[in-house]
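structure-v7.csv, holding CSV, C-alpha atoms:
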chain,number,residue,atom,x,y,z
I,1,MET,CA,84.7,-18.2,-112.9
I,2,GLN,CA,85.6,-17.3,-109.4
I,3,LYS,CA,88.5,-14.9,-109.2
I,4,GLN,CA,91.7,-15.0,-107.1
I,5,LYS,CA,91.8,-12.4,-104.4
I,6,HIS,CA,93.2,-9.1,-105.4
I,7,ALA,CA,96.8,-8.3,-104.5
I,8,SER,CA,95.5,-5.4,-102.4
I,9,ASP,CA,93.6,-7.8,-100.3
I,10,ALA,CA,96.6,-10.0,-99.5
I,11,LYS,CA,97.7,-8.2,-96.3
I,12,LYS,CA,94.1,-8.0,-95.1
I,13,SER,CA,93.2,-11.6,-95.6
I,14,THR,CA,93.9,-14.6,-93.4
I,15,TRP,CA,93.9,-16.8,-96.5
I,16,LEU,CA,96.5,-17.4,-99.1
I,17,TYR,CA,93.8,-17.6,-101.6
I,18,HIS,CA,90.0,-17.4,-101.5
I,19,PRO,CA,87.3,-17.5,-104.2
I,20,ALA,CA,85.0,-14.6,-104.9
I,21,LEU,CA,83.4,-13.4,-101.6
I,22,PRO,CA,81.0,-13.3,-100.0
I,23,LEU,CA,80.4,-17.0,-100.5
I,24,GLN,CA,77.1,-17.9,-102.1
I,25,TYR,CA,74.8,-21.0,-101.6
I,26,TYR,CA,73.4,-22.9,-104.5
I,27,PRO,CA,70.6,-20.9,-106.1
I,28,ILE,CA,68.0,-23.7,-105.5
I,29,PHE,CA,66.3,-23.1,-102.2
I,30,VAL,CA,66.1,-19.4,-102.3
I,31,TRP,CA,63.3,-16.9,-102.0
I,32,PRO,CA,62.1,-15.4,-104.2
I,33,LEU,CA,62.5,-18.4,-106.4
I,34,ARG,CA,64.9,-18.1,-109.3
I,35,PRO,CA,64.0,-21.0,-111.6
I,36,LEU,CA,66.2,-20.0,-114.5
I,37,ALA,CA,69.2,-19.4,-112.3
I,38,ALA,CA,68.6,-22.7,-110.6
I,39,LEU,CA,68.3,-24.6,-113.9
I,40,LYS,CA,71.5,-23.0,-115.2
I,41,PHE,CA,73.3,-24.0,-112.1
I,42,LEU,CA,72.1,-27.6,-112.1
I,43,VAL,CA,73.4,-28.1,-115.7
I,44,GLY,CA,76.5,-26.0,-115.2
I,45,ARG,CA,80.2,-26.8,-114.5
I,46,ASP,CA,80.1,-26.6,-110.7
I,47,PHE,CA,77.2,-29.0,-110.1
I,48,MET,CA,76.7,-31.2,-113.2
I,49,TRP,CA,80.2,-31.4,-114.7
I,50,SER,CA,82.3,-31.4,-111.5
I,51,LEU,CA,80.0,-33.3,-109.2
I,52,THR,CA,76.9,-35.2,-110.4
I,53,LEU,CA,78.1,-36.5,-113.7
I,54,PRO,CA,81.6,-37.7,-112.7
I,55,PHE,CA,80.4,-39.5,-109.6
I,56,GLY,CA,77.4,-40.8,-111.5
I,57,ILE,CA,79.6,-42.3,-114.2
I,58,MET,CA,82.0,-43.7,-111.6
I,59,ALA,CA,79.1,-45.4,-109.7
I,60,ALA,CA,77.6,-46.9,-112.9
I,61,LEU,CA,81.0,-48.3,-114.0
I,62,THR,CA,81.6,-49.6,-110.5
I,63,TRP,CA,78.3,-51.4,-110.5
I,64,ALA,CA,78.7,-52.8,-114.0
I,65,TYR,CA,82.3,-53.9,-113.9
I,66,LEU,CA,83.6,-54.0,-110.3
I,67,THR,CA,80.7,-55.5,-108.4
I,68,PRO,CA,79.9,-59.2,-108.2
I,69,PRO,CA,76.7,-60.5,-109.7
I,70,ALA,CA,73.5,-60.3,-107.6
I,71,GLU,CA,73.1,-64.1,-107.2
I,72,ARG,CA,76.6,-64.3,-105.7
I,73,MET,CA,75.8,-61.5,-103.2
I,74,ALA,CA,72.5,-63.1,-102.0
I,75,SER,CA,74.5,-64.9,-99.3
I,76,PHE,CA,77.4,-63.6,-97.2
I,77,ASP,CA,80.7,-64.9,-98.5
I,78,ILE,CA,84.1,-63.7,-97.5
I,79,GLN,CA,85.3,-63.7,-101.1
I,80,TRP,CA,82.8,-61.2,-102.6
I,81,ILE,CA,82.9,-59.1,-99.4
I,82,GLY,CA,86.7,-59.0,-99.6
I,83,LEU,CA,86.5,-57.9,-103.3
I,84,ILE,CA,84.2,-55.0,-102.4
I,85,TRP,CA,86.6,-54.0,-99.6
I,86,LEU,CA,89.7,-54.3,-101.9
I,87,ARG,CA,87.9,-52.4,-104.7
I,88,ASN,CA,87.1,-49.5,-102.3
I,89,LEU,CA,90.6,-49.5,-100.9
I,90,ILE,CA,92.2,-49.2,-104.3
I,91,MET,CA,89.9,-46.4,-105.3
I,92,LEU,CA,90.5,-44.5,-102.0
I,93,VAL,CA,94.3,-44.9,-102.1
I,94,LEU,CA,94.6,-44.0,-105.8
I,95,LEU,CA,92.5,-40.8,-105.5
I,96,ALA,CA,93.8,-39.6,-102.1
I,97,GLN,CA,97.4,-40.4,-102.7
I,98,ALA,CA,97.4,-39.0,-106.3
I,99,LEU,CA,96.0,-35.7,-105.0
I,100,HIS,CA,98.5,-35.7,-102.1
I,101,LEU,CA,101.5,-36.3,-104.3
I,102,TYR,CA,100.3,-33.7,-106.9
I,103,PHE,CA,99.6,-30.9,-104.5
I,104,PHE,CA,101.8,-31.5,-101.5
I,105,THR,CA,104.7,-33.9,-102.2
I,106,TYR,CA,105.7,-32.7,-105.7
I,107,ARG,CA,103.9,-29.3,-105.4
I,108,LYS,CA,103.0,-29.4,-109.1
I,109,GLN,CA,100.8,-26.4,-108.7
I,110,GLY,CA,102.8,-24.5,-106.1
I,111,ASP,CA,100.5,-22.3,-104.1
I,112,ASP,CA,98.2,-21.5,-107.0
I,113,ARG,CA,94.6,-21.6,-105.6
I,114,ARG,CA,95.7,-22.9,-102.2
I,115,PHE,CA,93.5,-21.7,-99.4
I,116,ASP,CA,95.8,-21.9,-96.3
I,117,ALA,CA,99.5,-21.1,-96.3
I,118,ARG,CA,100.2,-23.4,-93.4
I,119,ASP,CA,101.9,-26.8,-94.0
I,120,TYR,CA,100.1,-30.0,-94.7
I,121,PRO,CA,100.9,-32.5,-93.4
I,122,MET,CA,102.1,-31.3,-90.0
I,123,LYS,CA,104.3,-32.9,-87.3
I,124,SER,CA,102.6,-32.8,-83.9
I,125,ARG,CA,102.0,-35.0,-80.9
I,126,GLN,CA,98.3,-34.5,-81.2
I,127,PHE,CA,98.3,-36.8,-84.2
I,128,ALA,CA,98.7,-40.5,-84.1
I,129,PHE,CA,102.3,-41.4,-84.9
I,130,GLY,CA,103.1,-37.7,-84.4
I,131,ASP,CA,102.4,-37.1,-88.1
I,132,GLN,CA,99.2,-35.7,-89.7
I,133,TYR,CA,99.6,-37.6,-92.9
I,134,TRP,CA,99.9,-41.0,-91.2
I,135,ASP,CA,97.2,-40.1,-88.7
I,136,ASN,CA,94.9,-39.3,-91.6
I,137,VAL,CA,95.8,-42.5,-93.6
I,138,PHE,CA,95.2,-44.6,-90.5
I,139,TRP,CA,91.7,-43.3,-89.7
I,140,SER,CA,90.7,-43.2,-93.4
I,141,ILE,CA,91.6,-46.8,-94.1
I,142,VAL,CA,91.2,-48.7,-90.8
I,143,SER,CA,87.9,-47.0,-89.9
I,144,GLY,CA,86.6,-45.0,-92.8
I,145,LEU,CA,87.1,-47.6,-95.5
I,146,SER,CA,85.7,-50.3,-93.2
I,147,PHE,CA,82.4,-48.6,-92.4
I,148,TRP,CA,81.9,-47.3,-96.0
I,149,THR,CA,82.3,-50.9,-97.1
I,150,LEU,CA,80.1,-52.4,-94.3
I,151,TYR,CA,77.2,-50.1,-95.3
I,152,GLU,CA,77.7,-51.0,-99.0
I,153,ILE,CA,77.9,-54.7,-98.3
I,154,GLY,CA,74.7,-54.6,-96.3
I,155,PHE,CA,72.8,-52.8,-99.0
I,156,LEU,CA,74.1,-55.1,-101.8
I,157,TYR,CA,73.0,-58.1,-99.8
I,158,LEU,CA,69.5,-56.7,-99.2
I,159,TYR,CA,69.1,-55.8,-102.9
I,160,ALA,CA,70.3,-59.2,-104.0
I,161,ASN,CA,67.6,-60.8,-101.8
I,162,GLY,CA,64.9,-58.5,-103.0
I,163,SER,CA,64.4,-57.0,-99.5
I,164,LEU,CA,64.4,-53.3,-100.5
I,165,PRO,CA,62.2,-51.0,-102.6
I,166,PHE,CA,63.9,-51.2,-106.0
I,167,ALA,CA,64.1,-48.6,-108.8
I,168,THR,CA,64.7,-49.7,-112.4
I,169,TRP,CA,65.2,-47.8,-115.6
I,170,SER,CA,62.3,-47.9,-118.0
I,171,TRP,CA,61.9,-45.9,-121.3
I,172,ASP,CA,58.2,-45.7,-120.6
I,173,VAL,CA,57.8,-42.3,-118.9
I,174,SER,CA,54.3,-43.2,-117.8
I,175,ALA,CA,55.6,-46.2,-115.8
I,176,ALA,CA,55.2,-46.5,-112.1
I,177,LEU,CA,57.5,-44.2,-110.0
I,178,ALA,CA,60.0,-46.9,-109.3
I,179,GLU,CA,60.4,-47.7,-113.0
I,180,ASN,CA,60.3,-44.1,-114.3
I,181,PRO,CA,63.5,-42.9,-115.9
I,182,LEU,CA,63.0,-39.4,-114.5
I,183,TRP,CA,62.9,-40.8,-111.0
I,184,PHE,CA,66.0,-42.8,-111.6
I,185,LEU,CA,67.9,-39.7,-112.8
I,186,PHE,CA,66.3,-37.5,-110.1
I,187,LEU,CA,67.7,-39.7,-107.3
I,188,PHE,CA,71.3,-38.6,-108.2
I,189,VAL,CA,70.4,-35.0,-107.6
I,190,PHE,CA,68.3,-35.9,-104.6
I,191,VAL,CA,71.2,-37.7,-102.9
I,192,ILE,CA,73.4,-34.6,-103.0
I,193,PHE,CA,70.8,-32.4,-101.3
I,194,TRP,CA,69.8,-35.1,-98.9
I,195,GLN,CA,73.4,-35.7,-97.9
I,196,SER,CA,73.8,-31.9,-97.3
I,197,THR,CA,70.8,-31.9,-95.0
I,198,HIS,CA,71.9,-35.0,-93.1
I,199,PHE,CA,75.4,-33.7,-92.8
I,200,TYR,CA,74.3,-30.4,-91.3
I,201,TRP,CA,72.2,-32.0,-88.5
I,202,VAL,CA,74.6,-34.7,-87.6
I,203,HIS,CA,77.5,-32.3,-87.8
I,204,LYS,CA,75.8,-30.0,-85.3
I,205,PHE,CA,75.4,-33.0,-83.0
I,206,LEU,CA,79.0,-33.9,-83.3
I,207,HIS,CA,80.0,-30.4,-82.1
I,208,TRP,CA,78.0,-30.9,-78.9
I,209,GLY,CA,80.0,-31.0,-75.6
I,210,SER,CA,81.5,-34.4,-74.8
I,211,VAL,CA,80.6,-35.8,-78.3
I,212,TYR,CA,83.0,-33.3,-79.8
I,213,LYS,CA,85.8,-34.0,-77.2
I,214,VAL,CA,85.6,-37.8,-77.6
I,215,VAL,CA,84.6,-38.2,-81.2
I,216,HIS,CA,84.6,-35.3,-83.6
I,217,SER,CA,87.9,-33.8,-82.3
I,218,VAL,CA,89.7,-36.6,-84.2
I,219,HIS,CA,88.6,-35.0,-87.5
I,220,HIS,CA,89.2,-31.4,-86.2
I,221,ARG,CA,92.8,-32.1,-85.4
I,222,ASN,CA,93.1,-31.2,-89.1
I,223,VAL,CA,92.9,-27.4,-88.8
I,224,ASN,CA,94.6,-27.2,-92.2
I,225,VAL,CA,93.4,-30.1,-94.5
I,226,GLY,CA,94.6,-32.3,-97.3
I,227,PRO,CA,93.1,-35.1,-99.3
I,228,TRP,CA,93.7,-37.8,-96.6
I,229,SER,CA,91.8,-35.6,-94.1
I,230,GLY,CA,88.5,-36.1,-95.8
I,231,ILE,CA,87.3,-39.3,-94.0
I,232,SER,CA,89.9,-39.2,-91.2
I,233,MET,CA,87.4,-39.5,-88.4
I,234,HIS,CA,86.7,-41.4,-85.2
I,235,TRP,CA,85.0,-44.7,-85.8
I,236,ILE,CA,81.8,-43.5,-84.1
I,237,GLU,CA,81.7,-40.6,-86.4
I,238,HIS,CA,82.0,-42.9,-89.4
I,239,ILE,CA,78.9,-44.8,-88.3
I,240,VAL,CA,77.0,-41.5,-88.0
I,241,TYR,CA,78.4,-39.8,-91.1
I,242,PHE,CA,77.7,-42.7,-93.5
I,243,SER,CA,74.3,-43.3,-92.0
I,244,SER,CA,72.9,-40.8,-94.6
I,245,VAL,CA,72.7,-43.8,-96.9
I,246,LEU,CA,70.0,-45.4,-94.8
I,247,ILE,CA,67.5,-43.2,-96.7
I,248,HIS,CA,67.6,-45.9,-99.4
I,249,LEU,CA,65.9,-48.3,-97.0
I,250,VAL,CA,62.6,-46.5,-97.5
I,251,ILE,CA,62.8,-44.9,-101.0
I,252,PRO,CA,62.9,-47.0,-104.3
I,253,SER,CA,66.5,-46.9,-105.3
I,254,HIS,CA,69.0,-48.9,-107.4
I,255,PRO,CA,72.3,-50.2,-106.2
I,256,ILE,CA,73.9,-47.7,-108.5
I,257,HIS,CA,72.3,-44.9,-106.3
I,258,VAL,CA,73.7,-46.5,-103.1
I,259,ILE,CA,77.2,-46.8,-104.6
I,260,PHE,CA,76.9,-43.2,-105.9
I,261,HIS,CA,75.8,-42.1,-102.4
I,262,LEU,CA,78.7,-43.8,-100.6
I,263,GLN,CA,81.3,-42.8,-103.1
I,264,LEU,CA,80.2,-39.2,-102.8
I,265,ALA,CA,80.4,-39.4,-99.0
I,266,SER,CA,83.9,-41.0,-99.1
I,267,LEU,CA,85.7,-40.1,-102.2
I,268,GLY,CA,83.9,-36.8,-102.4
I,269,ALA,CA,85.1,-35.9,-99.0
I,270,VAL,CA,88.7,-36.7,-100.1
I,271,ILE,CA,88.3,-34.3,-103.0
I,272,PHE,CA,86.5,-31.6,-101.0
I,273,HIS,CA,89.3,-31.5,-98.4
I,274,THR,CA,92.1,-31.1,-100.9
I,275,GLY,CA,93.0,-27.6,-99.6
I,276,PHE,CA,93.1,-26.2,-103.1
I,277,GLU,CA,90.2,-24.8,-105.1
I,278,GLY,CA,91.1,-27.1,-108.0
I,279,VAL,CA,93.5,-28.1,-110.7
I,280,VAL,CA,94.8,-25.2,-112.8
I,281,VAL,CA,96.1,-25.6,-116.3
I,282,LYS,CA,97.7,-22.6,-118.0
I,283,GLY,CA,96.1,-20.3,-115.5
I,284,ARG,CA,92.6,-21.8,-116.0
I,285,LEU,CA,90.7,-23.7,-113.4
I,286,VAL,CA,89.7,-27.0,-115.1
I,287,TRP,CA,88.6,-29.2,-112.2
I,288,LEU,CA,86.9,-28.0,-109.0
I,289,LEU,CA,88.1,-29.8,-105.9
I,290,GLY,CA,88.4,-28.1,-102.5
I,291,ILE,CA,85.4,-26.5,-100.8
I,292,PHE,CA,86.3,-23.1,-99.3
I,293,HIS,CA,83.0,-23.0,-97.3
I,294,HIS,CA,84.2,-26.1,-95.4
I,295,GLN,CA,87.8,-24.9,-95.2
I,296,VAL,CA,86.5,-22.0,-93.2
I,297,HIS,CA,84.8,-24.4,-90.8
I,298,HIS,CA,88.0,-26.2,-90.1
I,299,ARG,CA,89.7,-22.9,-89.2
I,300,TYR,CA,87.0,-21.3,-87.2
I,301,TYR,CA,85.4,-24.4,-85.7
I,302,ASN,CA,81.8,-23.3,-85.0
I,303,CYS,CA,80.4,-22.0,-88.3
I,304,ASN,CA,79.5,-23.5,-91.7
I,305,TYR,CA,78.3,-26.9,-90.3
I,306,GLY,CA,76.6,-27.7,-93.6
I,307,THR,CA,77.5,-27.4,-97.2
I,308,GLU,CA,76.8,-24.9,-99.9
I,309,ALA,CA,74.0,-27.1,-101.4
I,310,ILE,CA,71.4,-25.9,-98.8
I,311,ALA,CA,71.7,-22.8,-96.7
I,312,TRP,CA,71.0,-24.4,-93.4
I,313,ASP,CA,73.8,-22.4,-91.7
I,314,LYS,CA,72.4,-19.1,-93.0
I,315,TRP,CA,68.8,-20.0,-91.9
I,316,PHE,CA,70.0,-20.9,-88.3
I,317,GLY,CA,72.6,-18.2,-87.9
I,318,TRP,CA,75.9,-20.2,-88.3
I,319,ASP,CA,76.9,-18.9,-91.7
I,320,HIS,CA,80.4,-17.6,-92.3
I,321,ASP,CA,80.6,-16.1,-95.8
I,322,GLY,CA,84.4,-16.1,-95.9
I,323,THR,CA,84.8,-12.4,-95.5
I,324,GLU,CA,87.0,-10.7,-92.8
I,325,GLU,CA,83.8,-8.9,-91.6
I,326,ALA,CA,82.2,-12.3,-90.9
I,327,THR,CA,85.4,-13.4,-89.0
I,328,ARG,CA,85.3,-10.3,-86.8
I,329,ARG,CA,81.6,-10.9,-86.1
I,330,LEU,CA,82.3,-14.5,-85.1
I,331,MET,CA,85.2,-13.6,-82.8
I,332,LYS,CA,83.0,-10.9,-81.1
I,333,GLU,CA,80.2,-13.4,-80.6
I,334,LEU,CA,82.6,-15.9,-79.1
I,335,ARG,CA,84.1,-13.3,-76.7
I,336,GLU,CA,80.7,-12.4,-75.5
I,337,LYS,CA,79.7,-16.0,-75.1
I,338,ASN,CA,82.8,-16.8,-73.1
I,339,LYS,CA,82.3,-13.7,-71.0
I,340,ALA,CA,78.8,-14.7,-70.2
I,341,GLU,CA,79.9,-18.2,-69.2
I,342,LYS,CA,82.7,-16.7,-67.1
I,343,MET,CA,85.2,-18.4,-69.4
I,344,PRO,CA,88.6,-16.9,-70.5
I,345,SER,CA,88.3,-14.7,-73.6
I,346,GLY,CA,88.9,-16.5,-76.9
I,347,ARG,CA,87.6,-19.4,-78.8
I,348,PRO,CA,86.0,-22.4,-77.1
I,349,THR,CA,88.1,-25.4,-76.2
I,350,SER,CA,89.1,-27.0,-79.5
I,351,PRO,CA,92.2,-27.9,-81.5
I,352,SER,CA,94.8,-25.2,-81.9
I,353,HIS,CA,93.8,-22.7,-84.7
I,354,ASP,CA,97.0,-20.7,-84.6
How does this structure look as C-alpha cells?
Amino acid sequence: MQKQKHASDAKKSTWLYHPALPLQYYPIFVWPLRPLAALKFLVGRDFMWSLTLPFGIMAALTWAYLTPPAERMASFDIQWIGLIWLRNLIMLVLLAQALHLYFFTYRKQGDDRRFDARDYPMKSRQFAFGDQYWDNVFWSIVSGLSFWTLYEIGFLYLYANGSLPFATWSWDVSAALAENPLWFLFLFVFVIFWQSTHFYWVHKFLHWGSVYKVVHSVHHRNVNVGPWSGISMHWIEHIVYFSSVLIHLVIPSHPIHVIFHLQLASLGAVIFHTGFEGVVVKGRLVWLLGIFHHQVHHRYYNCNYGTEAIAWDKWFGWDHDGTEEATRRLMKELREKNKAEKMPSGRPTSPSHD
C-alpha cells in the first residue's frame, strides 16, 4: 500500500498528501522484462480490482440491461438515441455529484489522502459563470456527454447493421480470433493500454501553441481538480479525446468493449480527477480514485502528458516523478528555455498555478 508522506516532509512538500515517491509506471513495458511482477500487477488491486473489473462489469451490465436491442438500433430513431443519452447523463451525474458531495460539500473524509490543499471549487472570472463547479458541470454535460454519446450511438448503429468486425464469446479456445474467449478478455486490457498511448500523443498535440490557447486551456483552468473536472473540456478536445474509440473500426470487438472504452474515458476521467487518492475507511484505503501522476500535470502544466500505464513521458523526457527534485529540475529547464527565447523568467503562458 502506498504510504502517506511523513510528517517531516510536510514543510518541504508542495502537496498536502502524496503517495510513495518517486512515482512508478506499470511494470509491464519495462526492460529488462519482469514477467512475474507484471502478472502480479495485472491481477492485483490497482489494475484488476480498481480499474479493469469494475469498468468491465459496468459495461456488461450496461449492454445487457440499459441498451436497446440491436434490431431497434439498426435505424436512427430519436427514442433509442435519447435513451442512450439519458442513460449516460444519469451515470455521469450520479458518479460525479456523489464524489463531489462526499469529498467537497460534506467533506466526509476531511483532507485525508487529499493531494492539493487549495479549494475546489474556486470562484474566478476565468471560469464560465465565475464558478469552477458550474463551469465544469456545463462543459461536462453540454459538450462531454454529447460527444461521448455521439461516438457510442455511431458504433451501436454500425454493429446493429453488421458493418464492423465483430468479436463474440466462444468456449472453443481453438476458434477463430474473433470468436476466441481469450481475445474477448484480452480486449479489456488492450483498451487500457491503447487509450494510454492515444492520450499521450493527442495530449502533446493539445499543448501545442494556439491549440492550447484556444482549446486545451478550457480543461487547464482546473489547476486544482475535482470530479466534475474530468471531462470538462472544449468541444474540439472532446472530439479528439474520445477518438481513441475509433480503434474498434478496425479490430474485431463487441459492443461491450466499445461501451467499456467510452465509460473508461468519461466516467474514468471523473474518478481519476477526484483530487483524493481514494476512499479511506478506518484508516485503510479501500477504493483507488485520483491519479497523482496526472494531478502533477495539472499543477506544472508541461510534464506527465500520458498515464502511468505506459512510460511515454519517461521515454521522451517529460516525466515528473512527483518529487521536489523533479520540480526543481522542471523549473530550471523552463527558466533556461524562457531565457533562450528571450521571454520573462518563469513558466510559459498558461493558467495561474499559484
Query raised in the report: Which one of I:Trp235, I:Phe47, I:Phe242, I:Trp208 sits closest to Tyr301 of chain I if you count all atoms listed in the file?
Result: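 When distances to Tyr301 of chain I are compared using all atoms listed in the file, the smallest one comes from I:Trp208.
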Please tabulate, as a Markdown table, the residues of segment 27-128 of chain I that come within 12 Å of segment 268-285 of chain I, each with its closest pair of atoms and the distance in Å to one decimal, counting all atoms listed in the file and ordering rows by chain, then residue number upward.
| residue | atom | partner | partner_atom | distance |
| --- | --- | --- | --- | --- |
| I:Arg45 | CA | I:Leu285 | CA | 11.0 |
| I:Asp46 | CA | I:Leu285 | CA | 11.3 |
| I:Ser50 | CA | I:Gly278 | CA | 10.4 |
| I:Leu51 | CA | I:Gly268 | CA | 8.6 |
| I:Thr52 | CA | I:Gly268 | CA | 10.7 |
| I:Pro54 | CA | I:Gly268 | CA | 10.6 |
| I:Phe55 | CA | I:Gly268 | CA | 8.4 |
| I:Gly56 | CA | I:Gly268 | CA | 11.9 |
| I:Met58 | CA | I:Gly268 | CA | 11.7 |
| I:Met91 | CA | I:Val270 | CA | 11.1 |
| I:Leu92 | CA | I:Val270 | CA | 8.2 |
| I:Val93 | CA | I:Val270 | CA | 10.1 |
| I:Leu94 | CA | I:Val270 | CA | 11.0 |
| I:Leu95 | CA | I:Val270 | CA | 7.8 |
| I:Ala96 | CA | I:Val270 | CA | 6.2 |
| I:Gln97 | CA | I:Val270 | CA | 9.8 |
| I:Ala98 | CA | I:Ile271 | CA | 10.8 |
| I:Leu99 | CA | I:Thr274 | CA | 7.3 |
| I:His100 | CA | I:Thr274 | CA | 8.0 |
| I:Leu101 | CA | I:Thr274 | CA | 11.3 |
| I:Tyr102 | CA | I:Val279 | CA | 9.6 |
| I:Phe103 | CA | I:Phe276 | CA | 8.1 |
| I:Phe104 | CA | I:Thr274 | CA | 9.7 |
| I:Arg107 | CA | I:Phe276 | CA | 11.5 |
| I:Lys108 | CA | I:Val279 | CA | 9.7 |
| I:Gln109 | CA | I:Val280 | CA | 7.4 |
| I:Gly110 | CA | I:Phe276 | CA | 10.3 |
| I:Asp111 | CA | I:Phe276 | CA | 8.4 |
| I:Asp112 | CA | I:Val280 | CA | 7.7 |
| I:Arg113 | CA | I:Phe276 | CA | 5.4 |
| I:Arg114 | CA | I:Phe276 | CA | 4.3 |
| I:Phe115 | CA | I:Phe276 | CA | 5.8 |
| I:Asp116 | CA | I:Gly275 | CA | 7.2 |
| I:Ala117 | CA | I:Gly275 | CA | 9.8 |
| I:Arg118 | CA | I:Gly275 | CA | 10.4 |
| I:Asp119 | CA | I:Gly275 | CA | 10.5 |
| I:Tyr120 | CA | I:Gly275 | CA | 9.0 |
| I:Pro121 | CA | I:Gly275 | CA | 11.2 |
Report summary line: Nearest to Gln126 of chain I, restricted to all atoms listed in the file and choosing among I:Gln295, I:Leu246, I:His18, I:Ser217, comes out as I:Ser217
Query raised in the report: Which residue gives the smallest distance to Gln132 of chain I among I:Glu152, I:Gly162, I:Pro227, I:Ala60, with all atoms listed in the file counted?
Result: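 Of I:Glu152, I:Gly162, I:Pro227, I:Ala60, the one nearest Gln132 of chain I is I:Pro227, counting all atoms listed in the file.
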**Report entry** Residue nearest Phe193 of chain I - candidates I:Glu308, I:Asp321, I:Glu333, I:Glu179, atoms counted: all atoms listed in the file
**Finding:**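 The closest residue to Phe193 of chain I is I:Glu308.
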Requested in this report: Figure out the distance between atom CA of Pro255 of chain I and atom CA of Leu61 of chain I, please, to one decimal in Å.
Outcome: 11.8 Å
Query - Atomic distance atom CA of Ser75 of chain I - atom CA of Tyr157 of chain I, expressed in Å with one decimal - result: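 Atom CA of Tyr157 of chain I lies 7.0 Å from atom CA of Ser75 of chain I.
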